[in-house]
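Colleague: This is the structure I have questions about; it appears just below.
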Amino acid sequence: MQNFAAEFSHALSLIFTGDSELWAIVLLSLKVSVLAVLISAVIGMPVGAALAVARFPGRRMMIILMNALMGFPPVVVGLLVYLMLSRSGPLGVLELLYTPTAMIIAQMVLVIPIIAALTRQVVEMLAEEYSEQLRSLGVSRLASVPVLLWDARLALVTALLAGFGRAIAEVGAVIIVGGNINHVTRVMTTTIALETSKGNLALALALGAILIGIAIAVNAMVSALALRAEQEGLRHA
Amino acid sequence: MIRNFIRAALIALGVAAGPAMAEEPFIVVQSTTSTQNSGLFDYILPWFEAETGIDVRIVAVGTGQAIRNAINGDGDVLLVHSKPDEEQFVADGWGVERFDVMYNDFILVGPKSDPAKVKGGSDILSALTAIAEAEAPFASRGDDSGTHKAELAHWGAVDVDPTDASGTWYRETGSGMGATLNVASGMGAYTLTDRATWLSFGNRGNLEVLVEGDPRLFNQYGVILVNPEKHAGVRANAAQRFIDWLVGPDGQAAIASYVIDGEQLFFPNAK
């Protein structure tokens with residue numbers, strides 16, 4: 001284990017000297033996960049809000065399903081997306097397998113349920129709170145969705161962060177659909193898996209430390225933005 | 001609107017898949033964890049890429065999974081180490097032709113304490129028999145990889161079905177070579193590994209090489225072009241150039257020059 005300390009400090013020096021290979025991997029992880037979360041928000045938020053205000057048969061069932069999907073194992077998602085994108089699969093002609101786009105799709109499948117479920121919760125509470133006002137203004141339930149989403153925007157940031165946390169941390173799905181190809185689809189988590197299997201435990205751990213660092217930085221940034229938005233909101237009120 | 005947004009976002013980030021290009025700027029190789037974990041590809045590919053401008057993308061999984069992925073058409077080249085399966089792959093029409101590329105050997109590694117007393121032997125069959133009799137912990141890949149298939153063939157030769165003992169002294173990890181070595185290192189188990197992964201493995205702990213040199217431990221790698229008649233998307237031209245390079249003088253010399261701690265990891269033997 002005397003190697004461990006040396007290896008760990010080597011890994012840290014890679015991080016702080018800005019090793020270009022390492023930073024390319026960090027950057028790709030961020031690109032893939034941020035994009036997956038943004039697209040998931042565009043889809044997941046309206047769906048969640050619609051489920052919150054609309055009343056239709058099967059709604060209860062859909063909510064249960066959505067909540068359950070929050071715990072969908074990434075490796076199963078990876079397998080499903082692989083079967084879709086494989087050259088023998090229905091979307092094979094798109095040639096998306098083993099590209100970052102495939103990884104974004106897989107992460108979206110993981111993140112959309114989280115964002116939709118959390119959005120539904122927040123919007124449902126707001127809808128109850130404002131139901132009389134909205135009714136007196138003659139706004140239909142579905143038409144109230146954009147207003148409610150806007151009003152809930154600060155709470156929805158949490159939903160985005162929860163989705164981002166799931167996306168950036170998962171390995172099971174992206175390693176199947178991305179293939180962990182060097183310089184193409186190798187992200188932080190798949191690098192950690194690879195280095196672990198090479199027996200380079202300290203390097204893997206150091207990469208894990210960066211991953212945590214990124215998660216903290218993103219959360220801090222977003223919460224700072226949210227705080228500022230809140231303060232401005234108070235000033236204007 | 002949303003679709004346009006997604007497309008614009010993907011293009012902006014340079015990750016959208018463009019239309020299939022005539023010059024085939026990259027190929028996908030389905031290969032094994034042993035070739036990747038040993039660092040061979042990272043070492044030899046820059047030569048080929050500099051010469052041809054073709055980017056070689058390696059997907060490293062077990063041999064069994066690599067073959068299945070190639071059957072699905074999710075690769076242009078198959079480079080694995082289980083000759084009977086490779087020949088079956090070609091016979092079934094999924095591959096065009098199989099070429100020998102290189103070989104190394106399997107070794108039996110285990111804890112220095114060596115509870116089954118197999119150290120120093122060069123007969124893998126008697127070593128496995130001793131391990132089974134001592135019921136000493138043995139970590140198996142258990143993942144249908146080339147190494148796993150080789151291991152099972154040796155158990156078959158001594159007429160032991162270790163899976164009867166699955167979960168007791170016989171532990172199937174269901175993962176790659178490196179991950180299995182981590183398990184063996186952690187629990188003081190014996191395991192069969194290819195020499196290349198062992199030489200480049202960084203977490204040996206108490207493990208050491210116990211049995212080597214049995215001709216039965218020969219480990220041959222082969223390369224096959226995935227049949228473009230089965231999957232129209234196969235980038236056959238670029239893939240063929242890669243295969244030609246690999247079995248030609250330049251590729252063979254590159255393979256031979258890969259050395260870790262003074263030991264050569266793979267021995268080229270293309271005909």
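Just remember, in the structure tokens the first chain shown is A, the second B, etc., residues are 1-based per chain, and ligands are 1-based in the order shown.
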Give me the residues within 6 Å of B:Val59 as a list in words, counting only C-alpha atoms and dropping any in the same chain fewer than 3 places off.
Modeller: Gly179 of chain A; Gln30 and Ser31 of chain B
Colleague: Quick one: residues within 8 Å of stretch 67-84 of chain A, only C-alpha atoms, excluding same-chain residues fewer than 3 positions away - as a compact mmCIF listing (two decimals) with C-alpha atoms, in the first residue's frame?
Modeller:
```txt
# COMPACT_ATOMS: atom_id res chain seq x y z
CA ILE A 63 -47.81 9.07 -11.36
CA ILE A 64 -46.99 5.75 -9.72
CA SER A 88 -29.78 -4.58 -35.73
CA GLY A 89 -32.18 -2.37 -33.78
CA PRO A 90 -34.99 -0.13 -35.04
CA LEU A 91 -32.87 3.04 -34.91
CA GLY A 92 -29.65 1.43 -36.15
CA LEU A 97 -24.38 3.81 -30.93
CA ALA A 102 -26.27 7.81 -27.34
CA ILE A 105 -30.26 9.68 -24.74
CA ALA A 106 -29.57 7.08 -22.04
CA VAL A 109 -34.26 8.23 -19.91
CA LEU A 110 -32.86 8.25 -16.38
CA VAL A 111 -33.39 11.94 -15.71
CA PRO A 113 -38.74 10.70 -14.59
CA ILE A 114 -36.92 12.50 -11.79
CA ALA A 117 -41.97 13.57 -10.73
CA GLU A 170 -24.15 6.89 -13.32
CA VAL A 171 -21.90 4.43 -15.12
CA GLY A 172 -24.03 1.40 -16.00
CA ALA A 173 -25.91 2.97 -18.89
CA VAL A 174 -23.20 5.08 -20.51
CA ILE A 175 -20.64 2.29 -20.51
CA ILE A 176 -23.00 0.10 -22.56
CA VAL A 177 -24.21 2.68 -25.08
```
Colleague: Identify, on the basis of only C-alpha atoms, every residue whose closest approach to stretch 110-119 of chain B does not exceed 10 Å; exclude the query and any residue fewer than 5 positions from it along the same chain; express the result as number ranges by chain.
Modeller: B: 124, 126-139, 181, 184-192, 204-212
Colleague: Produce a table with one row for each residue of chain A that has an atom at most 9 Å from any atom of chain B, each row naming the nearest atom pair and its distance in Å at one decimal; use only C-alpha atoms; arrange rows by chain and rising residue number; format as JSON lines.
Modeller:
```
{"residue": "A:Met1", "atom": "CA", "partner": "B:Gly205", "partner_atom": "CA", "distance": 8.1}
{"residue": "A:Lys31", "atom": "CA", "partner": "B:Leu13", "partner_atom": "CA", "distance": 7.6}
{"residue": "A:Leu35", "atom": "CA", "partner": "B:Ala9", "partner_atom": "CA", "distance": 7.9}
{"residue": "A:Ile39", "atom": "CA", "partner": "B:Ile6", "partner_atom": "CA", "distance": 7.0}
{"residue": "A:Val42", "atom": "CA", "partner": "B:Ile2", "partner_atom": "CA", "distance": 7.7}
{"residue": "A:Ile43", "atom": "CA", "partner": "B:Ile2", "partner_atom": "CA", "distance": 8.7}
{"residue": "A:Ser86", "atom": "CA", "partner": "B:Asp74", "partner_atom": "CA", "distance": 6.0}
{"residue": "A:Arg87", "atom": "CA", "partner": "B:Gly73", "partner_atom": "CA", "distance": 5.3}
{"residue": "A:Ser88", "atom": "CA", "partner": "B:Asn72", "partner_atom": "CA", "distance": 5.2}
{"residue": "A:Gly89", "atom": "CA", "partner": "B:Asn72", "partner_atom": "CA", "distance": 8.2}
{"residue": "A:Gly92", "atom": "CA", "partner": "B:Gly233", "partner_atom": "CA", "distance": 9.0}
{"residue": "A:Val93", "atom": "CA", "partner": "B:Gly233", "partner_atom": "CA", "distance": 7.8}
{"residue": "A:Leu94", "atom": "CA", "partner": "B:Ala17", "partner_atom": "CA", "distance": 7.8}
{"residue": "A:Glu95", "atom": "CA", "partner": "B:Ala17", "partner_atom": "CA", "distance": 7.2}
{"residue": "A:Leu96", "atom": "CA", "partner": "B:Ala17", "partner_atom": "CA", "distance": 6.5}
{"residue": "A:Leu97", "atom": "CA", "partner": "B:Asp74", "partner_atom": "CA", "distance": 7.6}
{"residue": "A:Tyr98", "atom": "CA", "partner": "B:Val59", "partner_atom": "CA", "distance": 8.5}
{"residue": "A:Thr99", "atom": "CA", "partner": "B:Val15", "partner_atom": "CA", "distance": 7.5}
{"residue": "A:Pro100", "atom": "CA", "partner": "B:Val15", "partner_atom": "CA", "distance": 6.1}
{"residue": "A:Thr101", "atom": "CA", "partner": "B:Val15", "partner_atom": "CA", "distance": 6.2}
{"residue": "A:Gly178", "atom": "CA", "partner": "B:Val59", "partner_atom": "CA", "distance": 8.7}
{"residue": "A:Gly179", "atom": "CA", "partner": "B:Val59", "partner_atom": "CA", "distance": 5.1}
{"residue": "A:Asn180", "atom": "CA", "partner": "B:Val59", "partner_atom": "CA", "distance": 6.6}
{"residue": "A:Ile181", "atom": "CA", "partner": "B:Ile58", "partner_atom": "CA", "distance": 5.7}
{"residue": "A:Asn182", "atom": "CA", "partner": "B:Arg57", "partner_atom": "CA", "distance": 7.2}
{"residue": "A:His183", "atom": "CA", "partner": "B:Arg57", "partner_atom": "CA", "distance": 8.7}
{"residue": "A:Val184", "atom": "CA", "partner": "B:Arg57", "partner_atom": "CA", "distance": 7.8}
{"residue": "A:Leu194", "atom": "CA", "partner": "B:Asn37", "partner_atom": "CA", "distance": 7.7}
{"residue": "A:Glu195", "atom": "CA", "partner": "B:Asn37", "partner_atom": "CA", "distance": 8.5}
{"residue": "A:Thr196", "atom": "CA", "partner": "B:Ala179", "partner_atom": "CA", "distance": 7.1}
{"residue": "A:Ser197", "atom": "CA", "partner": "B:Gly178", "partner_atom": "CA", "distance": 4.1}
{"residue": "A:Lys198", "atom": "CA", "partner": "B:Gly178", "partner_atom": "CA", "distance": 5.2}
{"residue": "A:Gly199", "atom": "CA", "partner": "B:Gly202", "partner_atom": "CA", "distance": 4.4}
{"residue": "A:Asn200", "atom": "CA", "partner": "B:Gly202", "partner_atom": "CA", "distance": 5.3}
{"residue": "A:Leu201", "atom": "CA", "partner": "B:Asn203", "partner_atom": "CA", "distance": 7.3}
```
Colleague: One decimal, in Å: what's the spacing between atom CA of A:Ala54 and atom CA of A:Thr158?
Modeller: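 Calculated distance between atom CA of A:Ala54 and atom CA of A:Thr158 is 23.0 Å.
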Colleague: At a cut-off of 8 Å, using only C-alpha atoms, what residues contact stretch 131-143 of chain A? Leave out same-chain residues fewer than 4 positions from it and give the result as a tab-separated table (two decimals) with N, CA and C atoms, in the first residue's frame.
Modeller:
```tsv
chain	number	residue	atom	x	y	z
A	50	ALA	N	-48.32	19.04	-16.26
A	50	ALA	CA	-49.61	18.60	-16.82
A	50	ALA	C	-50.22	17.53	-15.92
A	53	VAL	N	-51.91	19.15	-12.86
A	53	VAL	CA	-53.17	19.90	-12.95
A	53	VAL	C	-54.27	19.16	-13.70
A	54	ALA	N	-53.89	18.30	-14.63
A	54	ALA	CA	-54.92	17.64	-15.44
A	54	ALA	C	-55.58	16.53	-14.63
A	127	ALA	N	-50.75	24.62	-7.41
A	127	ALA	CA	-52.06	24.67	-8.06
A	127	ALA	C	-53.18	24.69	-7.03
```
Colleague: Can you list, as a list in words, every protein, DNA or RNA residue that comes within 8 Å of stretch 214-231 of chain A when you count only C-alpha atoms, leaving out same-chain residues fewer than 4 positions away?
Modeller: Leu154, Val157, Leu161, Gly165, Ile210 and Arg235 of chain A
Colleague: What gap, in Å, lies between atom CA of B:Gln264 and atom CA of B:Thr35?
Modeller: 13.4 Å
Colleague: Would you mind listing what lies within 9 Å of A:Leu149 as a PyMOL selection string, with only C-alpha atoms counted and same-chain residues fewer than 3 positions away left out?
Modeller: chain A and resi 45-46+49+119+122-123+144-146+152-153+156
Colleague: With 12 Å as the cut-off and only C-alpha atoms counted, what is the closest atom pair between each nearby residue of stretch 148-201 of chain B and stretch 80-90 of chain B? Distances in Å to one decimal, ordered by chain and number, as a tab-separated table.
Modeller:
```
residue	atom	partner	partner_atom	distance
B:His148	CA	B:Ser82	CA	9.8
B:Lys149	CA	B:Ser82	CA	7.5
B:Ala150	CA	B:Ser82	CA	7.9
B:Glu151	CA	B:Ser82	CA	11.5
B:Ala153	CA	B:Ser82	CA	11.3
B:Asp194	CA	B:His81	CA	10.5
```
Colleague: Taking N, CA and C atoms for each residue, export the selection above as an mmCIF file, in the first residue's frame.
Modeller:
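Below you can see part19.cif, which holds the result:
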```
data_model
loop_
_atom_site.group_PDB
_atom_site.id
_atom_site.type_symbol
_atom_site.label_atom_id
_atom_site.label_comp_id
_atom_site.auth_asym_id
_atom_site.auth_seq_id
_atom_site.Cartn_x
_atom_site.Cartn_y
_atom_site.Cartn_z
ATOM 1 N N HIS B 148 -12.478 -16.957 -19.636
ATOM 2 C CA HIS B 148 -13.435 -17.829 -18.949
ATOM 3 C C HIS B 148 -13.620 -19.138 -19.706
ATOM 4 N N LYS B 149 -13.718 -19.042 -21.026
ATOM 5 C CA LYS B 149 -13.884 -20.249 -21.833
ATOM 6 C C LYS B 149 -12.655 -21.156 -21.699
ATOM 7 N N ALA B 150 -11.461 -20.534 -21.708
ATOM 8 C CA ALA B 150 -10.235 -21.319 -21.559
ATOM 9 C C ALA B 150 -10.224 -22.024 -20.203
ATOM 10 N N GLU B 151 -10.601 -21.285 -19.169
ATOM 11 C CA GLU B 151 -10.618 -21.850 -17.815
ATOM 12 C C GLU B 151 -11.589 -23.041 -17.744
ATOM 13 N N ALA B 153 -12.545 -24.936 -20.118
ATOM 14 C CA ALA B 153 -12.027 -26.075 -20.887
ATOM 15 C C ALA B 153 -11.052 -26.892 -20.033
ATOM 16 N N ASP B 194 -4.698 -13.767 -18.299
ATOM 17 C CA ASP B 194 -3.727 -13.637 -19.383
ATOM 18 C C ASP B 194 -2.534 -12.850 -18.837
#
```
Colleague: With a distance cut-off of 6 Å and only C-alpha atoms, select the neighbouring residues of A:Leu118, excluding the residue or stretch itself and same-chain residues fewer than 3 positions from it, and output the selection as a ChimeraX atom specification.
Modeller: /A:115,121,159
Colleague: What parts of stretch 97-167 of chain B does DSSP call strand (DSSP E)? I'd like the answer as a list in words.
Modeller: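 DSSP-assigned strand (DSSP E) residues in stretch 97-167 of chain B: Glu97, Arg98, Phe99, Asp100, Val101, Met102, Tyr103, Asn104, Asp105, Phe106, Ile107, Leu108, Val109, Gly110, Pro111, Phe138, Ala139 and Ser140 of chain B.
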